[in-house]
Amino acid sequence: MMRVSVRGLCEFTARRGNLDNRYTPAPSAEDGRVAHATVQQSRTGNYRAEYPLEGTIEGVALRGRADGYRATGEDQIPLLEEIKSHRGSLERLNSDRRQLHWAQLKVYGALLCLRDGHNEVDLNLCYVDIDSDREQSLKQRYGAEELIAYAKQLCRAYRDWHNSEQQHRNARDTALLNISFCYSEFRPGQRTLAEDAYKTVATASVAMIEAPTGLGKTLGVLYPHLNAMPRHNIDRLLLLSNRNTGKTLWREALQQLDPTNIRVLQLDARHNACDNPELACHGESCPLALGFFDRLPAAREAAANAYWLDTDGLANIAAEYGICRYYLGQEMARWSDVIIADVNHYFDQQALLYGLLQQEEWRVALCIDEAHNLIERARGMYSATIQEWPTTQYAKRAPSALKSALTGLNKAWRHIVKEQANDGVHFLSSPPATLVSAARKFASQAADFMVDHPGDGELQELMFSYLSLARLSEQFGDHSLAILSRAKPRGARTARGELALQNIDPSEHIRARWQACHSALLFSATLQPFEYYRDLLGIEEVVLRAIDSPFRRDQLELRVVSDIDTRYQYRRQSVHSIAQRIAWQYCRKPGNYLVYTPSFAYQQLLQEALEALPQTLPLVLQTPVMSEAARAEFIDGFRQQRGRIGLATLGGIFGEGIDLPGDELIGVTIISLGLPPFDDFHRRVEDYFSHRYGGANGYRYTYLFPAMRKVVQAAGRLLRSSSDQGLIELIDPRFEHDEIKTLLPAWWF
């Protein structure tokens, strides 16, 4: 028996018309729950809230809960009610969306008539504005025959698709039961990794595995997960990456394994997948949005039969059917077996994949590569920064309909800036209530305005910024800091403000994401100390594993230079000695070297010192802002040439995720531990971690562990295969300390 929720049935079969993604601030899930409860509690008589209905139509078992039901006497007509919350003018809700709401209510009506034998039923579609609590009710009376015929039509369409999906699932599982590894044998340590990965799925666990570079981690994790999917009834395998390069690695590994009958989807960010970025995202502006849902069924079927839905695959199908490839990808996330995506698609506040998991009740297995980056990525997902100046400038030329809201924003900014007597950084106990209130009002009015006046990119950006500020304010707690920066730029008459809600501990935000999945495997070359990642990622029960390195001690020449002090107050004195060491090593053994500095300021000092030496050295530099082309040129130079000294920042874009095997890189120099600055911000972070995770962990979680992760990652650029050899030089006396040594790979010593 095929089963589906009433909502799922209608979203699949009843959507028609244009794609209309006008930027409107939708209520949060909590807002919606409160609005529903308020309306339900206002009803009188024999009204029943959250009324369960179920039944079988055309072989489809339907289930759901109508928001309200009023029973009647024997000769009277019953009423079913559906409550939908919104913000601002109801006009922003397009007619196609309203028809979808009616479809859901009509199916509930059919179920009620079939169960109780009613000839007629009253259906009430109630819209409630969560800002004003205003209700607008649309009530209609329907005959049972019409409702049942409508429900049958939807169920037949769903049944046909479901039957084809079940055939696909059977073929998929048969293929995965017989999948073979793409090589005749595993690399050293790779089999251990594969066994641990399989056990993670088999035992429905969350596991963190530290697996060193050169092990073949991606294949070692992917193969057992594919193998486990049919054996443990896994609906979806999510291959999540913290960097764009990670998606490429997942894709290449899948191509190597070459599984048959598997739908593979790559989800790309919207700005990378939009073919008409200059147009507003609705049918009146973009031709790819016009009639999107009318053409979607045929495009969806074509995509389902294509199996390989990477960037090019989606683009080709979308072009053939004349629809938006970004939203085709969003739709195919429902129907693909393996999904390659950025971590934000699962962990962000409005994450698509997490939402689908909850709605569809999937059994999901997660694989997260470069997992050491997830703490910083998650912090960013639950942080927001907004500046006063863009609002002030936009207000000067804003439409009259937005003047009052912008005036309120500017007054709120002036108030909170004037509250601080001096320029500088000020830590607030909570987000300023006046600004948050003004932000909500502006976001609502801006959304109303953009319904009829789309295409203002500046207004759209402002609206999203203030909407994010308002939402994060609702979730504000001791895991975040509210930071007001006040400064008076040269030539300005008054000081200007910037407000940041900076998350420092994402564990409370993402804890539920681990509990929702069937299993999760986080892996990286640097995941120790495990307790640091466990605590800040909110993982309550975790299996821990560190796999021995495949590299031998004789492949590495390790030098710890303890007679050059690189602490901040000694950096100007240290730079000349370091420059001489770099030049001596290069002359002794020419080749490609990477030198990692603690900051761009120190990099400039080092560059000047190197250029002042008698010999000319072939320097290439990382710069603070580099385009994708410039980054590629930097790396390609190492791959195509020999005899280069690259200066890069520790923890920067070239500190991890680059692969330079053999003689493409023969030496790495790391200058200083790269500790974060000992400023007021980090002292507050340290105080929080000391209180939350124990006194000694305040310093470790704030300074030491993040710094040493950068060191190990940078050093990991050197040895990439079993035949590689090279030099790692660590310059700082603190590298001799026992506590520091325990955070470096044991095989180095």
# chains A, B, ... in the order shown; residues from 1 in each chain; ligands from 1
call {"tool": "residues_around", "arguments": {"residues": "A:Thr218", "least_positions_apart": "3", "cutoff": "9 Å", "atoms": "only C-alpha atoms", "output": "short mmCIF file (atom, residue, chain, number, x, y, z; two decimals) with N, CA and C atoms, in the first residue's frame"}}
result
data_model
loop_
_atom_site.label_atom_id
_atom_site.label_comp_id
_atom_site.auth_asym_id
_atom_site.auth_seq_id
_atom_site.Cartn_x
_atom_site.Cartn_y
_atom_site.Cartn_z
N LEU A 215 44.98 8.73 2.06
CA LEU A 215 44.30 7.46 2.35
C LEU A 215 43.27 7.10 1.29
N VAL A 221 34.92 6.24 2.03
CA VAL A 221 33.66 6.52 2.72
C VAL A 221 32.46 6.25 1.83
N LEU A 222 32.57 6.63 0.56
CA LEU A 222 31.43 6.55 -0.35
C LEU A 222 31.03 5.11 -0.65
N TYR A 223 31.99 4.25 -0.97
CA TYR A 223 31.68 2.88 -1.36
C TYR A 223 30.87 2.13 -0.30
N LEU A 249 35.13 16.46 -5.73
CA LEU A 249 35.68 15.18 -5.28
C LEU A 249 34.58 14.12 -5.13
N TRP A 250 33.44 14.51 -4.58
CA TRP A 250 32.33 13.56 -4.47
C TRP A 250 31.89 13.09 -5.86
N ALA A 253 34.41 10.71 -7.42
CA ALA A 253 34.39 9.39 -6.77
C ALA A 253 33.19 8.57 -7.25
N ASP A 369 32.48 15.83 4.36
CA ASP A 369 33.93 15.89 4.18
C ASP A 369 34.49 17.19 4.75
#
call {"tool": "residues_around", "arguments": {"residues": "stretch 330-334 of chain A", "least_positions_apart": "3", "cutoff": "9 Å", "atoms": "only C-alpha atoms", "output": "MDAnalysis selection string"}}
result
chainID A and resid 265:267 296 300 303:304 309 325:327 337:339 352:353 356 360
call {"tool": "write_last_selection", "arguments": {"atoms": "N, CA and C atoms", "output": "PDB file, in the first residue's frame"}}
result
ATOM      1  N   LEU A 265      22.214  13.745  -7.872  1.00  0.00           N
ATOM      2  CA  LEU A 265      21.898  15.162  -8.065  1.00  0.00           C
ATOM      3  C   LEU A 265      22.966  16.012  -7.407  1.00  0.00           C
ATOM      4  N   GLN A 266      23.417  17.045  -8.106  1.00  0.00           N
ATOM      5  CA  GLN A 266      24.284  18.053  -7.485  1.00  0.00           C
ATOM      6  C   GLN A 266      23.482  19.342  -7.330  1.00  0.00           C
ATOM      7  N   LEU A 267      23.372  19.807  -6.084  1.00  0.00           N
ATOM      8  CA  LEU A 267      22.689  21.066  -5.808  1.00  0.00           C
ATOM      9  C   LEU A 267      23.710  22.199  -5.813  1.00  0.00           C
ATOM     10  N   LEU A 296       6.578  21.395 -15.400  1.00  0.00           N
ATOM     11  CA  LEU A 296       7.417  20.618 -14.487  1.00  0.00           C
ATOM     12  C   LEU A 296       7.207  19.105 -14.582  1.00  0.00           C
ATOM     13  N   ARG A 300      10.341  16.779 -14.939  1.00  0.00           N
ATOM     14  CA  ARG A 300      10.666  15.915 -13.809  1.00  0.00           C
ATOM     15  C   ARG A 300      10.836  14.476 -14.267  1.00  0.00           C
ATOM     16  N   ALA A 303      14.108  14.171 -16.089  1.00  0.00           N
ATOM     17  CA  ALA A 303      15.232  14.200 -15.149  1.00  0.00           C
ATOM     18  C   ALA A 303      15.346  12.880 -14.394  1.00  0.00           C
ATOM     19  N   ALA A 304      14.200  12.310 -14.031  1.00  0.00           N
ATOM     20  CA  ALA A 304      14.220  11.035 -13.304  1.00  0.00           C
ATOM     21  C   ALA A 304      14.830   9.925 -14.148  1.00  0.00           C
ATOM     22  N   LEU A 309      22.443  13.993 -12.678  1.00  0.00           N
ATOM     23  CA  LEU A 309      21.936  15.355 -12.679  1.00  0.00           C
ATOM     24  C   LEU A 309      22.949  16.298 -12.029  1.00  0.00           C
ATOM     25  N   ARG A 325      16.428  25.986 -14.169  1.00  0.00           N
ATOM     26  CA  ARG A 325      17.215  24.808 -13.763  1.00  0.00           C
ATOM     27  C   ARG A 325      17.475  24.781 -12.254  1.00  0.00           C
ATOM     28  N   TYR A 326      17.528  25.963 -11.620  1.00  0.00           N
ATOM     29  CA  TYR A 326      17.738  25.978 -10.173  1.00  0.00           C
ATOM     30  C   TYR A 326      16.562  25.316  -9.465  1.00  0.00           C
ATOM     31  N   TYR A 327      15.344  25.687  -9.845  1.00  0.00           N
ATOM     32  CA  TYR A 327      14.176  25.120  -9.181  1.00  0.00           C
ATOM     33  C   TYR A 327      13.858  23.713  -9.667  1.00  0.00           C
ATOM     34  N   ASP A 337      18.543   9.765  -5.298  1.00  0.00           N
ATOM     35  CA  ASP A 337      19.038   8.825  -4.292  1.00  0.00           C
ATOM     36  C   ASP A 337      20.274   9.352  -3.569  1.00  0.00           C
ATOM     37  N   VAL A 338      21.161   9.971  -4.326  1.00  0.00           N
ATOM     38  CA  VAL A 338      22.408  10.514  -3.793  1.00  0.00           C
ATOM     39  C   VAL A 338      22.448  11.996  -4.147  1.00  0.00           C
ATOM     40  N   ILE A 339      22.629  12.840  -3.142  1.00  0.00           N
ATOM     41  CA  ILE A 339      22.608  14.285  -3.360  1.00  0.00           C
ATOM     42  C   ILE A 339      23.929  14.882  -2.898  1.00  0.00           C
ATOM     43  N   LEU A 352      16.991  23.238   2.738  1.00  0.00           N
ATOM     44  CA  LEU A 352      16.093  22.438   1.900  1.00  0.00           C
ATOM     45  C   LEU A 352      16.089  20.973   2.306  1.00  0.00           C
ATOM     46  N   LEU A 353      17.265  20.369   2.429  1.00  0.00           N
ATOM     47  CA  LEU A 353      17.339  18.924   2.646  1.00  0.00           C
ATOM     48  C   LEU A 353      16.849  18.533   4.032  1.00  0.00           C
ATOM     49  N   LEU A 356      13.064  18.615   3.806  1.00  0.00           N
ATOM     50  CA  LEU A 356      12.521  17.450   3.111  1.00  0.00           C
ATOM     51  C   LEU A 356      12.594  16.195   3.978  1.00  0.00           C
ATOM     52  N   GLU A 360       9.153  14.319   4.509  1.00  0.00           N
ATOM     53  CA  GLU A 360       8.983  13.018   3.870  1.00  0.00           C
ATOM     54  C   GLU A 360       9.318  11.848   4.785  1.00  0.00           C
TER      55      GLU A 360
END
call {"tool": "residues_around", "arguments": {"residues": "A:Ser577", "least_positions_apart": "4", "cutoff": "12 Å", "atoms": "only C-alpha atoms", "output": "PyMOL selection string"}}
result
chain A and resi 561+563-566+570-573+581-584+605-606+609-610+613+671+731
call {"tool": "closest_atom_pairs", "arguments": {"of": "stretch 487-523 of chain A", "to": "stretch 537-552 of chain A", "cutoff": "9 Å", "atoms": "only C-alpha atoms", "output": "Markdown table"}}
result
| residue | atom | partner | partner_atom | distance |
| --- | --- | --- | --- | --- |
| A:Asp505 | CA | A:Leu537 | CA | 8.0 |
| A:Pro506 | CA | A:Leu537 | CA | 6.4 |
| A:Ser507 | CA | A:Gly538 | CA | 4.0 |
| A:Glu508 | CA | A:Gly538 | CA | 6.4 |
| A:His509 | CA | A:Gly538 | CA | 8.3 |
| A:Ile510 | CA | A:Gly538 | CA | 6.7 |
| A:Arg511 | CA | A:Gly538 | CA | 4.7 |
| A:Ala512 | CA | A:Gly538 | CA | 8.4 |
| A:Trp514 | CA | A:Ile539 | CA | 6.8 |
| A:Gln515 | CA | A:Ile539 | CA | 8.6 |
call {"tool": "write_last_selection", "arguments": {"atoms": "C-alpha atoms", "output": "JSON list (two decimals), in the first residue's frame"}}
result
[["chain", "number", "residue", "atom", "x", "y", "z"],
["A", 505, "ASP", "CA", 28.76, 28.23, 19.60],
["A", 506, "PRO", "CA", 26.47, 26.69, 16.94],
["A", 507, "SER", "CA", 25.74, 23.54, 18.94],
["A", 508, "GLU", "CA", 22.27, 24.60, 20.09],
["A", 509, "HIS", "CA", 21.23, 25.50, 16.54],
["A", 510, "ILE", "CA", 22.29, 22.26, 14.84],
["A", 511, "ARG", "CA", 21.91, 19.65, 17.58],
["A", 512, "ALA", "CA", 18.55, 18.53, 16.19],
["A", 514, "TRP", "CA", 22.10, 14.96, 14.09],
["A", 515, "GLN", "CA", 19.09, 13.53, 15.90]]
call {"tool": "closest_atom_pairs", "arguments": {"of": "stretch 439-469 of chain A", "to": "stretch 382-404 of chain A", "cutoff": "7 Å", "atoms": "only C-alpha atoms", "output": "CSV"}}
result
residue,atom,partner,partner_atom,distance
A:Gln445,CA,A:Leu402,CA,6.7
A:Ala446,CA,A:Leu402,CA,6.8
A:Ser465,CA,A:Ile386,CA,6.4
A:Ser468,CA,A:Ala384,CA,6.6
A:Leu469,CA,A:Ala384,CA,6.2
call {"tool": "select_by_dssp", "arguments": {"residues": "stretch 471-619 of chain A", "states": "strand (DSSP E)", "output": "VMD selection string"}}
result
chain A and resid 480 to 487 496 to 503 519 to 524 543 to 546 556 to 561 593 to 597 619
call {"tool": "residues_around", "arguments": {"residues": "stretch 492-499 of chain A", "least_positions_apart": "2", "cutoff": "8 Å", "atoms": "only C-alpha atoms", "output": "PyMOL selection string"}}
result
chain A and resi 385-389+413+417+423+482-490+501
call {"tool": "write_last_selection", "arguments": {"atoms": "N, CA and C atoms", "output": "PDB file, in the first residue's frame"}}
result
ATOM      1  N   THR A 385      25.273  40.438   9.979  1.00  0.00           N
ATOM      2  CA  THR A 385      25.881  41.760  10.140  1.00  0.00           C
ATOM      3  C   THR A 385      25.141  42.743   9.248  1.00  0.00           C
ATOM      4  N   ILE A 386      24.827  43.900   9.797  1.00  0.00           N
ATOM      5  CA  ILE A 386      24.104  44.910   9.026  1.00  0.00           C
ATOM      6  C   ILE A 386      24.668  46.283   9.361  1.00  0.00           C
ATOM      7  N   GLN A 387      24.742  47.142   8.351  1.00  0.00           N
ATOM      8  CA  GLN A 387      25.327  48.471   8.504  1.00  0.00           C
ATOM      9  C   GLN A 387      24.262  49.550   8.347  1.00  0.00           C
ATOM     10  N   GLU A 388      24.485  50.644   9.059  1.00  0.00           N
ATOM     11  CA  GLU A 388      23.567  51.777   8.982  1.00  0.00           C
ATOM     12  C   GLU A 388      23.659  52.504   7.642  1.00  0.00           C
ATOM     13  N   TRP A 389      24.868  52.676   7.108  1.00  0.00           N
ATOM     14  CA  TRP A 389      25.096  53.558   5.962  1.00  0.00           C
ATOM     15  C   TRP A 389      24.288  53.169   4.721  1.00  0.00           C
ATOM     16  N   TRP A 413      18.593  53.497  14.285  1.00  0.00           N
ATOM     17  CA  TRP A 413      20.057  53.524  14.172  1.00  0.00           C
ATOM     18  C   TRP A 413      20.645  54.692  14.952  1.00  0.00           C
ATOM     19  N   VAL A 417      23.257  54.309  18.129  1.00  0.00           N
ATOM     20  CA  VAL A 417      24.605  54.851  17.959  1.00  0.00           C
ATOM     21  C   VAL A 417      24.884  55.920  19.010  1.00  0.00           C
ATOM     22  N   ASP A 423      33.492  56.191  19.894  1.00  0.00           N
ATOM     23  CA  ASP A 423      33.666  55.304  18.752  1.00  0.00           C
ATOM     24  C   ASP A 423      34.360  54.026  19.204  1.00  0.00           C
ATOM     25  N   ALA A 482      26.155  40.209  20.655  1.00  0.00           N
ATOM     26  CA  ALA A 482      25.622  41.365  19.931  1.00  0.00           C
ATOM     27  C   ALA A 482      26.677  42.459  19.990  1.00  0.00           C
ATOM     28  N   ILE A 483      27.182  42.854  18.827  1.00  0.00           N
ATOM     29  CA  ILE A 483      28.328  43.760  18.769  1.00  0.00           C
ATOM     30  C   ILE A 483      27.952  44.984  17.942  1.00  0.00           C
ATOM     31  N   LEU A 484      28.005  46.136  18.564  1.00  0.00           N
ATOM     32  CA  LEU A 484      27.762  47.390  17.861  1.00  0.00           C
ATOM     33  C   LEU A 484      29.093  48.095  17.648  1.00  0.00           C
ATOM     34  N   SER A 485      29.436  48.331  16.395  1.00  0.00           N
ATOM     35  CA  SER A 485      30.647  49.072  16.062  1.00  0.00           C
ATOM     36  C   SER A 485      30.255  50.485  15.659  1.00  0.00           C
ATOM     37  N   ARG A 486      30.875  51.457  16.273  1.00  0.00           N
ATOM     38  CA  ARG A 486      30.583  52.860  15.979  1.00  0.00           C
ATOM     39  C   ARG A 486      31.870  53.515  15.493  1.00  0.00           C
ATOM     40  N   ALA A 487      31.779  54.221  14.365  1.00  0.00           N
ATOM     41  CA  ALA A 487      32.948  54.902  13.806  1.00  0.00           C
ATOM     42  C   ALA A 487      32.495  56.137  13.053  1.00  0.00           C
ATOM     43  N   LYS A 488      33.345  57.137  13.039  1.00  0.00           N
ATOM     44  CA  LYS A 488      33.077  58.361  12.281  1.00  0.00           C
ATOM     45  C   LYS A 488      34.082  58.446  11.140  1.00  0.00           C
ATOM     46  N   PRO A 489      33.655  58.063   9.929  1.00  0.00           N
ATOM     47  CA  PRO A 489      34.579  58.096   8.792  1.00  0.00           C
ATOM     48  C   PRO A 489      35.070  59.514   8.514  1.00  0.00           C
ATOM     49  N   ARG A 490      36.230  59.608   7.880  1.00  0.00           N
ATOM     50  CA  ARG A 490      36.788  60.913   7.535  1.00  0.00           C
ATOM     51  C   ARG A 490      35.801  61.675   6.645  1.00  0.00           C
ATOM     52  N   LEU A 501      25.290  40.238  14.939  1.00  0.00           N
ATOM     53  CA  LEU A 501      24.888  39.161  15.840  1.00  0.00           C
ATOM     54  C   LEU A 501      25.773  37.978  15.474  1.00  0.00           C
TER      55      LEU A 501
END
